>>> print(open('start03.cif').read())   # mmCIF, C-alpha atoms and all ligand atoms
data_target
#
loop_
_atom_site.group_PDB
_atom_site.id
_atom_site.type_symbol
_atom_site.label_atom_id
_atom_site.label_comp_id
_atom_site.auth_asym_id
_atom_site.auth_seq_id
_atom_site.Cartn_x
_atom_site.Cartn_y
_atom_site.Cartn_z
ATOM 1 C CA MET I 1 98.579 124.627 84.722
ATOM 2 C CA SER I 2 96.677 122.365 87.104
ATOM 3 C CA LYS I 3 92.991 121.785 86.688
ATOM 4 C CA LEU I 4 90.380 121.711 89.407
ATOM 5 C CA ARG I 5 88.810 118.253 89.604
ATOM 6 C CA ILE I 6 85.117 118.469 90.368
ATOM 7 C CA ALA I 7 83.065 115.378 91.176
ATOM 8 C CA VAL I 8 79.404 115.198 90.256
ATOM 9 C CA GLN I 9 76.908 112.390 90.636
ATOM 10 C CA LYS I 10 77.205 109.989 87.699
ATOM 11 C CA SER I 11 73.505 109.303 87.438
ATOM 12 C CA GLY I 12 70.541 110.008 89.622
ATOM 13 C CA ARG I 13 68.653 112.953 90.909
ATOM 14 C CA LEU I 14 71.548 115.342 91.388
ATOM 15 C CA ASN I 15 73.198 114.788 88.040
ATOM 16 C CA GLU I 16 71.036 116.963 85.826
ATOM 17 C CA ASP I 17 70.901 119.971 88.147
ATOM 18 C CA SER I 18 74.629 119.675 88.822
ATOM 19 C CA MET I 19 75.442 119.785 85.120
ATOM 20 C CA GLN I 20 73.021 122.691 84.705
ATOM 21 C CA ILE I 21 74.721 124.844 87.315
ATOM 22 C CA LEU I 22 78.132 124.115 85.788
ATOM 23 C CA LYS I 23 76.735 125.195 82.431
ATOM 24 C CA ASP I 24 75.199 128.310 83.967
ATOM 25 C CA ILE I 25 78.589 129.404 85.287
ATOM 26 C CA GLY I 26 80.186 128.875 81.886
ATOM 27 C CA ILE I 27 81.710 125.434 82.308
ATOM 28 C CA TYR I 28 80.837 123.490 79.182
ATOM 29 C CA ILE I 29 81.453 119.764 79.000
ATOM 30 C CA ASP I 30 81.905 118.165 75.594
ATOM 31 C CA ASN I 31 81.748 114.443 75.961
ATOM 32 C CA GLY I 32 78.739 112.621 77.262
ATOM 33 C CA LYS I 33 78.114 110.778 80.462
ATOM 34 C CA ASP I 34 79.583 107.492 79.211
ATOM 35 C CA GLN I 35 82.955 109.051 79.910
ATOM 36 C CA LEU I 36 83.838 108.972 83.605
ATOM 37 C CA LYS I 37 85.988 112.028 83.209
ATOM 38 C CA ALA I 38 85.528 115.078 81.035
ATOM 39 C CA SER I 39 87.497 118.234 80.431
ATOM 40 C CA ALA I 40 85.658 121.495 80.457
ATOM 41 C CA LYS I 41 85.769 124.205 77.848
ATOM 42 C CA GLY I 42 86.501 127.711 78.949
ATOM 43 C CA PHE I 43 87.790 126.837 82.409
ATOM 44 C CA PRO I 44 90.678 124.826 83.930
ATOM 45 C CA VAL I 45 88.311 122.185 85.221
ATOM 46 C CA GLU I 46 87.891 118.435 84.898
ATOM 47 C CA VAL I 47 84.569 116.835 85.786
ATOM 48 C CA PHE I 48 84.507 113.323 87.289
ATOM 49 C CA TYR I 49 81.271 111.341 87.204
ATOM 50 C CA LEU I 50 81.147 109.241 90.367
ATOM 51 C CA ARG I 51 78.822 107.301 92.594
ATOM 52 C CA ASN I 52 77.336 109.492 95.308
ATOM 53 C CA GLY I 53 78.513 107.324 98.156
ATOM 54 C CA ASP I 54 82.121 107.271 96.933
ATOM 55 C CA ILE I 55 82.510 111.037 96.695
ATOM 56 C CA PRO I 56 83.199 111.814 100.412
ATOM 57 C CA GLN I 57 86.209 109.468 100.489
ATOM 58 C CA TYR I 58 87.580 110.886 97.214
ATOM 59 C CA LEU I 59 87.346 114.363 98.721
ATOM 60 C CA LYS I 60 89.110 113.257 101.921
ATOM 61 C CA ASP I 61 91.909 111.647 99.929
ATOM 62 C CA GLY I 62 92.242 114.631 97.610
ATOM 63 C CA VAL I 63 91.506 112.442 94.578
ATOM 64 C CA VAL I 64 88.992 115.105 93.639
ATOM 65 C CA ASP I 65 89.234 118.742 94.746
ATOM 66 C CA ALA I 66 85.582 119.666 94.956
ATOM 67 C CA ALA I 67 82.184 118.094 94.516
ATOM 68 C CA ILE I 68 78.565 118.887 93.972
ATOM 69 C CA ILE I 69 76.895 116.520 96.362
ATOM 70 C CA GLY I 70 73.898 116.088 98.643
ATOM 71 C CA GLU I 71 74.531 117.427 102.128
ATOM 72 C CA ASN I 72 72.914 114.226 103.462
ATOM 73 C CA VAL I 73 75.721 112.129 101.983
ATOM 74 C CA LEU I 74 78.356 114.314 103.655
ATOM 75 C CA ILE I 75 76.556 114.130 106.975
ATOM 76 C CA GLU I 76 76.524 110.341 106.645
ATOM 77 C CA LYS I 77 80.172 109.894 105.718
ATOM 78 C CA GLY I 78 81.903 113.164 105.126
ATOM 79 C CA ASN I 79 83.356 114.299 108.424
ATOM 80 C CA GLY I 80 86.162 116.776 107.876
ATOM 81 C CA ILE I 81 84.879 117.961 104.526
ATOM 82 C CA THR I 82 84.000 121.615 104.248
ATOM 83 C CA ILE I 83 80.818 122.846 102.618
ATOM 84 C CA VAL I 84 81.552 126.167 100.928
ATOM 85 C CA GLU I 85 78.197 126.853 99.288
ATOM 86 C CA LYS I 86 74.634 125.611 99.560
ATOM 87 C CA LEU I 87 73.208 125.273 96.059
ATOM 88 C CA GLY I 88 69.464 125.351 96.681
ATOM 89 C CA PHE I 89 68.475 122.379 94.510
ATOM 90 C CA SER I 90 67.848 118.681 95.161
ATOM 91 C CA THR I 91 66.228 119.390 98.480
ATOM 92 C CA CYS I 92 65.213 116.382 100.496
ATOM 93 C CA ARG I 93 65.015 115.163 104.059
ATOM 94 C CA VAL I 94 66.294 112.080 105.833
ATOM 95 C CA CYS I 95 63.346 110.473 107.571
ATOM 96 C CA ILE I 96 62.223 107.484 109.522
ATOM 97 C CA ALA I 97 59.045 105.871 108.216
ATOM 98 C CA VAL I 98 56.906 102.977 109.374
ATOM 99 C CA PRO I 99 54.008 101.057 107.771
ATOM 100 C CA LYS I 100 50.837 103.154 107.636
ATOM 101 C CA ALA I 101 49.012 100.689 109.842
ATOM 102 C CA ALA I 102 51.708 100.639 112.534
ATOM 103 C CA LYS I 103 51.069 102.319 115.856
ATOM 104 C CA TYR I 104 53.625 105.031 116.390
ATOM 105 C CA SER I 105 53.689 107.982 118.723
ATOM 106 C CA LYS I 106 57.335 108.543 119.643
ATOM 107 C CA ILE I 107 60.850 107.482 118.730
ATOM 108 C CA GLN I 108 61.013 105.189 121.791
ATOM 109 C CA ASP I 109 58.476 102.999 119.991
ATOM 110 C CA LEU I 110 61.393 101.809 117.846
ATOM 111 C CA GLU I 111 63.204 100.244 120.820
ATOM 112 C CA GLY I 112 64.363 96.756 119.802
ATOM 113 C CA LYS I 113 62.904 97.145 116.311
ATOM 114 C CA ARG I 114 64.600 96.489 112.964
ATOM 115 C CA ILE I 115 65.319 99.536 110.820
ATOM 116 C CA ALA I 116 66.438 99.221 107.186
ATOM 117 C CA THR I 117 68.550 102.113 105.929
ATOM 118 C CA SER I 118 71.255 103.386 103.607
ATOM 119 C CA TYR I 119 72.151 105.981 106.254
ATOM 120 C CA PRO I 120 73.415 103.933 109.216
ATOM 121 C CA ASN I 121 75.559 106.655 110.811
ATOM 122 C CA THR I 122 72.833 109.273 110.573
ATOM 123 C CA VAL I 123 70.165 107.022 112.052
ATOM 124 C CA LYS I 124 72.542 105.617 114.680
ATOM 125 C CA SER I 125 73.343 109.028 116.117
ATOM 126 C CA TYR I 126 69.679 110.039 116.047
ATOM 127 C CA LEU I 127 68.702 106.906 117.966
ATOM 128 C CA GLU I 128 71.552 107.426 120.432
ATOM 129 C CA GLU I 129 70.493 111.028 121.076
ATOM 130 C CA ASN I 130 67.092 109.673 121.978
ATOM 131 C CA GLY I 131 68.368 106.759 124.036
ATOM 132 C CA VAL I 132 66.851 104.174 121.705
ATOM 133 C CA LYS I 133 68.467 100.852 120.815
ATOM 134 C CA ALA I 134 67.373 99.294 117.526
ATOM 135 C CA ASN I 135 68.801 96.852 114.983
ATOM 136 C CA LEU I 136 69.993 98.388 111.758
ATOM 137 C CA HIS I 137 69.914 96.593 108.423
ATOM 138 C CA ILE I 138 72.058 98.347 105.881
ATOM 139 C CA ILE I 139 70.648 98.291 102.343
ATOM 140 C CA ASN I 140 71.987 100.302 99.418
ATOM 141 C CA GLY I 141 68.761 101.005 97.555
ATOM 142 C CA SER I 142 65.034 100.324 97.376
ATOM 143 C CA VAL I 143 64.977 100.604 101.157
ATOM 144 C CA GLU I 144 61.249 101.303 101.274
ATOM 145 C CA ILE I 145 60.450 97.752 100.258
ATOM 146 C CA ALA I 146 61.972 96.305 103.443
ATOM 147 C CA PRO I 147 58.885 96.482 105.698
ATOM 148 C CA ASN I 148 56.695 94.930 102.984
ATOM 149 C CA ILE I 149 58.934 91.895 102.628
ATOM 150 C CA GLY I 150 59.234 91.415 106.357
ATOM 151 C CA LEU I 151 62.834 92.524 106.559
ATOM 152 C CA ALA I 152 62.292 95.504 108.857
ATOM 153 C CA ASP I 153 59.762 97.293 111.057
ATOM 154 C CA ALA I 154 60.840 100.736 109.918
ATOM 155 C CA ILE I 155 63.078 102.423 107.367
ATOM 156 C CA CYS I 156 65.306 105.466 107.314
ATOM 157 C CA ASP I 157 65.912 106.993 103.901
ATOM 158 C CA ILE I 158 65.688 110.212 101.980
ATOM 159 C CA VAL I 159 62.292 111.614 101.129
ATOM 160 C CA SER I 160 61.782 114.166 98.411
ATOM 161 C CA SER I 161 58.272 114.211 96.933
ATOM 162 C CA GLY I 162 57.088 111.484 99.321
ATOM 163 C CA SER I 163 55.842 109.345 96.452
ATOM 164 C CA THR I 164 58.101 106.350 97.245
ATOM 165 C CA LEU I 165 56.786 106.288 100.816
ATOM 166 C CA PHE I 166 53.228 106.562 99.556
ATOM 167 C CA LYS I 167 53.611 103.779 97.008
ATOM 168 C CA ASN I 168 55.024 101.478 99.653
ATOM 169 C CA ASN I 169 52.333 102.193 102.219
ATOM 170 C CA LEU I 170 54.660 103.920 104.634
ATOM 171 C CA LYS I 171 54.215 107.047 106.747
ATOM 172 C CA GLU I 172 56.912 109.483 107.762
ATOM 173 C CA VAL I 173 57.242 109.607 111.548
ATOM 174 C CA GLU I 174 60.566 111.348 112.240
ATOM 175 C CA THR I 175 62.502 113.956 110.256
ATOM 176 C CA ILE I 176 66.165 113.562 111.133
ATOM 177 C CA LEU I 177 67.604 116.249 108.917
ATOM 178 C CA LYS I 178 67.008 118.443 105.878
ATOM 179 C CA SER I 179 69.376 118.448 102.955
ATOM 180 C CA GLU I 180 70.135 120.111 99.643
ATOM 181 C CA ALA I 181 72.928 119.982 97.073
ATOM 182 C CA VAL I 182 76.119 121.706 98.206
ATOM 183 C CA LEU I 183 79.551 122.574 96.880
ATOM 184 C CA ALA I 184 82.023 120.692 99.061
ATOM 185 C CA VAL I 185 85.807 120.962 99.075
ATOM 186 C CA SER I 186 88.681 118.596 99.769
ATOM 187 C CA PRO I 187 90.847 119.437 102.813
ATOM 188 C CA ILE I 188 93.860 119.030 100.493
ATOM 189 C CA LEU I 189 93.889 121.918 98.026
ATOM 190 C CA SER I 190 96.845 123.752 96.459
ATOM 191 C CA ALA I 191 96.861 127.541 96.303
ATOM 192 C CA GLU I 192 96.525 127.353 92.533
ATOM 193 C CA LYS I 193 93.422 125.170 92.779
ATOM 194 C CA GLN I 194 92.011 127.320 95.563
ATOM 195 C CA ALA I 195 92.203 130.282 93.174
ATOM 196 C CA ILE I 196 90.209 128.391 90.524
ATOM 197 C CA LEU I 197 87.694 127.358 93.156
ATOM 198 C CA ASP I 198 87.292 130.948 94.349
ATOM 199 C CA LYS I 199 86.391 132.021 90.802
ATOM 200 C CA ILE I 200 83.908 129.173 90.444
ATOM 201 C CA GLN I 201 82.332 129.951 93.786
ATOM 202 C CA PHE I 202 81.973 133.592 92.884
ATOM 203 C CA ARG I 203 80.205 132.669 89.641
ATOM 204 C CA ILE I 204 77.951 130.208 91.448
ATOM 205 C CA GLN I 205 76.936 132.925 93.884
ATOM 206 C CA SER I 206 75.947 135.195 91.000
ATOM 207 C CA VAL I 207 73.951 132.429 89.328
ATOM 208 C CA LEU I 208 72.151 131.590 92.562
ATOM 209 C CA LYS I 209 71.321 135.257 93.108
ATOM 210 C CA GLY I 210 69.874 135.377 89.623
ATOM 211 C CA ARG I 211 67.703 132.358 90.321
ATOM 212 C CA GLN I 212 66.060 133.872 93.382
HETATM 213 C C1 LIG I 301 65.559 107.802 96.386
HETATM 214 C C2 LIG I 301 65.470 107.583 97.878
HETATM 215 C C3 LIG I 301 64.010 107.366 98.103
HETATM 216 C C4 LIG I 301 63.354 108.209 97.023
HETATM 217 C C5 LIG I 301 62.782 109.472 97.606
HETATM 218 O O1 LIG I 301 65.591 106.546 95.775
HETATM 219 O O2 LIG I 301 66.264 106.461 98.265
HETATM 220 O O3 LIG I 301 63.702 106.024 97.920
HETATM 221 O O4 LIG I 301 64.374 108.527 96.085
HETATM 222 O O5 LIG I 301 62.155 110.264 96.619
HETATM 223 P P1 LIG I 301 60.594 110.577 96.608
HETATM 224 O O6 LIG I 301 60.207 110.983 98.004
HETATM 225 O O7 LIG I 301 60.468 111.706 95.637
HETATM 226 O O8 LIG I 301 59.869 109.359 96.158
HETATM 227 P P2 LIG I 301 66.022 106.344 94.278
HETATM 228 O O9 LIG I 301 64.821 106.434 93.417
HETATM 229 O O10 LIG I 301 67.123 107.278 93.946
HETATM 230 O O11 LIG I 301 66.515 104.825 94.201
HETATM 231 P P3 LIG I 301 67.394 103.897 95.171
HETATM 232 O O12 LIG I 301 66.904 104.061 96.561
HETATM 233 O O13 LIG I 301 67.147 102.511 94.686
HETATM 234 O O14 LIG I 301 68.810 104.315 95.030
HETATM 235 MG MG MG I 302 65.164 104.787 97.153
#
>>> encode(input="start03.cif", output="C-alpha cells")
Amino acid sequence: MSKLRIAVQKSGRLNEDSMQILKDIGIYIDNGKDQLKASAKGFPVEVFYLRNGDIPQYLKDGVVDAAIIGENVLIEKGNGITIVEKLGFSTCRVCIAVPKAAKYSKIQDLEGKRIATSYPNTVKSYLEENGVKANLHIINGSVEIAPNIGLADAICDIVSSGSTLFKNNLKEVETILKSEAVLAVSPILSAEKQAILDKIQFRIQSVLKGRQ
C-alpha cells in the first residue's frame, strides 16, 4: 500500500506546531528530528523534514504529496499548488519596514531605494502594483540587519511578534499580506493517496474545531 508523504519544516517556527497537529490527529512519529524521513504509527504516512523554501518545488514535482507550510512561502514560490486547509497557527505577515528615523509616508517613497528581502517575488509584485521601481537585494536570513550595516534602505520580511523589527530599530510601514500555516497538496496525487489525504483532512478539521 502506498504511503502519503507529508513534508514539514525541519526546524524553525512551524516545526513544533506542525508535529503537534499531526499528533493530535493520531499520527505518531517514532524517530527524532535527526532523521530526515520518518514513518508514522497508526497511519499510512511518511513525514519528511525539509527546508521551508524547498517544499514548494517538492510539491510541484510530486516528490512529496502534501505539506504543512506557511502560506507566505507558497505565495512566494508555490504557484499551482493547492491549499486545502488553513491551520490557524504560525500566523505572521509579510511587511516592508524602514529605519525608525527614516521619513516615510507612502510606498512611492521607496522609488530607487534598496530593499533587502527573502521574498523577492512577493515584494516585486507589490512594488509593481504601486508603480514603484526599487532595487532588491535577496538575503536568506537575518534580513533585518541590512539597513544597520548600510546594505539597504528598507527590508521586506515576515513579522510575527514584531520583536526582530524592534530590536533592529525598524518600523513597519507596509503590510503586503497576512499568512498562517496551511495544508498544501501536490498537483500530482494518485487516487489511493487522495483517499489517505481526505481522511487526514477530515481529522484535521475536527481537531481545529475542537481548538476553537
Ligand atoms: C523570522 C523572520 C523575522 C522574524 C519575525 O526570522 O525572518 O526575522 O522571524 O519574527 P518576530 O516578529 O516575532 O521577531 P528567524 O528568526 O526565523 O530567522 P532567519 O530570518 O535568520 O531565518
Ligand atoms: Mg529573520
>>> residues_around(input="start03.cif", residues="Thr175 in chain I", least_positions_apart="6", cutoff="9 Å", atoms="all atoms listed in the file", output="PyMOL selection string")
chain I and resi 93-96
>>> closest_atom_pairs(input="start03.cif", of="chain I", to="ligand LIG 301 (chain I)", cutoff="12 Å", atoms="only C-alpha atoms and all ligand atoms", output="Markdown table")
| residue | atom | partner | partner_atom | distance |
| --- | --- | --- | --- | --- |
| I:Gln9 | CA | I:LIG301 | O10 | 11.5 |
| I:Ser11 | CA | I:LIG301 | O10 | 9.3 |
| I:Gly12 | CA | I:LIG301 | O10 | 6.2 |
| I:Arg13 | CA | I:LIG301 | O10 | 6.6 |
| I:Leu14 | CA | I:LIG301 | O10 | 9.5 |
| I:Asn15 | CA | I:LIG301 | O10 | 11.3 |
| I:Arg51 | CA | I:LIG301 | O14 | 10.7 |
| I:Asn52 | CA | I:LIG301 | O14 | 10.0 |
| I:Gly53 | CA | I:LIG301 | O14 | 10.6 |
| I:Gly70 | CA | I:LIG301 | C1 | 12.0 |
| I:Asn72 | CA | I:LIG301 | C2 | 11.4 |
| I:Val73 | CA | I:LIG301 | O2 | 11.6 |
| I:Ser90 | CA | I:LIG301 | O7 | 10.2 |
| I:Thr91 | CA | I:LIG301 | O7 | 10.0 |
| I:Cys92 | CA | I:LIG301 | O6 | 7.8 |
| I:Arg93 | CA | I:LIG301 | O6 | 8.8 |
| I:Val94 | CA | I:LIG301 | C2 | 9.2 |
| I:Cys95 | CA | I:LIG301 | C3 | 10.0 |
| I:Ile96 | CA | I:LIG301 | C3 | 11.6 |
| I:Ala97 | CA | I:LIG301 | O3 | 11.3 |
| I:Ala116 | CA | I:LIG301 | O2 | 11.5 |
| I:Thr117 | CA | I:LIG301 | O2 | 9.1 |
| I:Ser118 | CA | I:LIG301 | O2 | 7.9 |
| I:Tyr119 | CA | I:LIG301 | O2 | 9.9 |
| I:Ile139 | CA | I:LIG301 | O12 | 9.0 |
| I:Asn140 | CA | I:LIG301 | O14 | 6.7 |
| I:Gly141 | CA | I:LIG301 | O13 | 3.6 |
| I:Ser142 | CA | I:LIG301 | O13 | 4.1 |
| I:Val143 | CA | I:LIG301 | O12 | 6.1 |
| I:Glu144 | CA | I:LIG301 | O3 | 6.3 |
| I:Ile145 | CA | I:LIG301 | O3 | 9.2 |
| I:Ala146 | CA | I:LIG301 | O3 | 11.3 |
| I:Ile155 | CA | I:LIG301 | O3 | 10.1 |
| I:Cys156 | CA | I:LIG301 | O2 | 9.2 |
| I:Asp157 | CA | I:LIG301 | O2 | 5.7 |
| I:Ile158 | CA | I:LIG301 | C2 | 4.9 |
| I:Val159 | CA | I:LIG301 | O6 | 3.8 |
| I:Ser160 | CA | I:LIG301 | O6 | 3.6 |
| I:Ser161 | CA | I:LIG301 | O7 | 3.6 |
| I:Gly162 | CA | I:LIG301 | O6 | 3.4 |
| I:Ser163 | CA | I:LIG301 | O8 | 4.0 |
| I:Thr164 | CA | I:LIG301 | O8 | 3.7 |
| I:Leu165 | CA | I:LIG301 | O8 | 6.4 |
| I:Phe166 | CA | I:LIG301 | O8 | 8.0 |
| I:Lys167 | CA | I:LIG301 | O8 | 8.4 |
| I:Asn168 | CA | I:LIG301 | O8 | 9.9 |
| I:Leu170 | CA | I:LIG301 | O6 | 11.2 |
| I:Lys171 | CA | I:LIG301 | O6 | 11.3 |
| I:Glu172 | CA | I:LIG301 | O6 | 10.4 |
>>> residues_around(input="start03.cif", residues="range 196-210 of chain I", least_positions_apart="2", cutoff="8 Å", atoms="only C-alpha atoms", output="VMD selection string")
chain I and resid 4 21 24 to 25 44 85 87 to 88 192 to 194 212
>>> atom_distance(input="start03.cif", atom1="CA of Phe48 in chain I", atom2="CA of Leu36 in chain I")
5.7 Å
>>> atom_distance(input="start03.cif", atom1="CA of Ile69 in chain I", atom2="CA of His137 in chain I")
24.3 Å
>>> closest_residue(input="start03.cif", among="I:Ala152, I:Leu136, I:Val173, I:Val84", to="Asp109 in chain I", atoms="only C-alpha atoms")
I:Val173
>>> resolve_selection(input="start03.cif", expression="the PyMOL selection byres (((chain I and resi 111) around 6) and not hetatm)", output="MDAnalysis selection string")
chainID I and resid 108:110 112:113 132:134
>>> resolve_selection(input="start03.cif", expression="the PyMOL selection byres (((chain I and resi 83) around 10) and not hetatm)", output="ChimeraX atom specification")
/I:66-69,71,74,80-82,84-86,182-186
>>> atom_distance(input="start03.cif", atom1="CA of Pro187 in chain I", atom2="CA of Ala7 in chain I")
14.6 Å
>>> build_atoms(input="start03.cif", residues="range 46-79 of chain I", atoms="N, CA and C atoms", output="tab-separated table (two decimals), keeping the file's coordinate frame")
chain	number	residue	atom	x	y	z
I	46	GLU	N	88.24	119.78	85.36
I	46	GLU	CA	87.89	118.44	84.90
I	46	GLU	C	86.72	117.96	85.73
I	47	VAL	N	85.74	117.33	85.06
I	47	VAL	CA	84.57	116.84	85.79
I	47	VAL	C	84.66	115.31	85.87
I	48	PHE	N	84.50	114.77	87.07
I	48	PHE	CA	84.51	113.32	87.29
I	48	PHE	C	83.10	112.87	87.63
I	49	TYR	N	82.61	111.86	86.92
I	49	TYR	CA	81.27	111.34	87.20
I	49	TYR	C	81.41	110.14	88.13
I	50	LEU	N	80.92	110.27	89.35
I	50	LEU	CA	81.15	109.24	90.37
I	50	LEU	C	79.86	108.84	91.06
I	51	ARG	N	79.95	107.72	91.77
I	51	ARG	CA	78.82	107.30	92.59
I	51	ARG	C	78.78	108.20	93.82
I	52	ASN	N	77.57	108.64	94.14
I	52	ASN	CA	77.34	109.49	95.31
I	52	ASN	C	78.11	109.09	96.55
I	53	GLY	N	77.96	107.81	96.91
I	53	GLY	CA	78.51	107.32	98.16
I	53	GLY	C	80.04	107.29	98.18
I	54	ASP	N	80.65	107.32	97.00
I	54	ASP	CA	82.12	107.27	96.93
I	54	ASP	C	82.75	108.66	97.05
I	55	ILE	N	81.95	109.68	96.80
I	55	ILE	CA	82.51	111.04	96.70
I	55	ILE	C	83.16	111.54	98.00
I	56	PRO	N	82.55	111.31	99.19
I	56	PRO	CA	83.20	111.81	100.41
I	56	PRO	C	84.64	111.31	100.58
I	57	GLN	N	84.86	110.02	100.32
I	57	GLN	CA	86.21	109.47	100.49
I	57	GLN	C	87.18	110.07	99.47
I	58	TYR	N	86.72	110.27	98.23
I	58	TYR	CA	87.58	110.89	97.21
I	58	TYR	C	87.97	112.30	97.62
I	59	LEU	N	87.04	113.01	98.25
I	59	LEU	CA	87.35	114.36	98.72
I	59	LEU	C	88.38	114.31	99.84
I	60	LYS	N	88.18	113.39	100.79
I	60	LYS	CA	89.11	113.26	101.92
I	60	LYS	C	90.51	112.96	101.44
I	61	ASP	N	90.60	112.06	100.43
I	61	ASP	CA	91.91	111.65	99.93
I	61	ASP	C	92.51	112.66	98.96
I	62	GLY	N	91.74	113.66	98.58
I	62	GLY	CA	92.24	114.63	97.61
I	62	GLY	C	92.30	114.09	96.18
I	63	VAL	N	91.59	113.00	95.93
I	63	VAL	CA	91.51	112.44	94.58
I	63	VAL	C	90.70	113.39	93.69
I	64	VAL	N	89.67	113.99	94.29
I	64	VAL	CA	88.99	115.10	93.64
I	64	VAL	C	89.11	116.32	94.57
I	65	ASP	N	89.03	117.51	93.97
I	65	ASP	CA	89.23	118.74	94.75
I	65	ASP	C	87.94	119.31	95.29
I	66	ALA	N	86.87	119.10	94.55
I	66	ALA	CA	85.58	119.67	94.96
I	66	ALA	C	84.49	118.75	94.45
I	67	ALA	N	83.29	118.94	94.96
I	67	ALA	CA	82.18	118.09	94.52
I	67	ALA	C	80.87	118.82	94.67
I	68	ILE	N	79.95	118.49	93.78
I	68	ILE	CA	78.56	118.89	93.97
I	68	ILE	C	77.86	117.65	94.48
I	69	ILE	N	77.37	117.73	95.70
I	69	ILE	CA	76.90	116.52	96.36
I	69	ILE	C	75.78	116.86	97.34
I	70	GLY	N	74.95	115.88	97.64
I	70	GLY	CA	73.90	116.09	98.64
I	70	GLY	C	74.52	116.20	100.03
I	71	GLU	N	74.06	117.22	100.76
I	71	GLU	CA	74.53	117.43	102.13
I	71	GLU	C	74.33	116.16	102.97
I	72	ASN	N	73.23	115.45	102.70
I	72	ASN	CA	72.91	114.23	103.46
I	72	ASN	C	74.01	113.17	103.34
I	73	VAL	N	74.65	113.11	102.18
I	73	VAL	CA	75.72	112.13	101.98
I	73	VAL	C	76.95	112.53	102.80
I	74	LEU	N	77.22	113.84	102.86
I	74	LEU	CA	78.36	114.31	103.66
I	74	LEU	C	78.11	114.11	105.14
I	75	ILE	N	76.88	114.33	105.56
I	75	ILE	CA	76.56	114.13	106.98
I	75	ILE	C	76.75	112.66	107.33
I	76	GLU	N	76.39	111.77	106.40
I	76	GLU	CA	76.52	110.34	106.64
I	76	GLU	C	77.99	109.91	106.69
I	77	LYS	N	78.79	110.39	105.73
I	77	LYS	CA	80.17	109.89	105.72
I	77	LYS	C	81.22	110.90	105.30
I	78	GLY	N	80.97	112.15	105.60
I	78	GLY	CA	81.90	113.16	105.13
I	78	GLY	C	82.55	114.01	106.20
I	79	ASN	N	82.80	113.43	107.37
I	79	ASN	CA	83.36	114.30	108.42
I	79	ASN	C	84.73	114.85	108.01
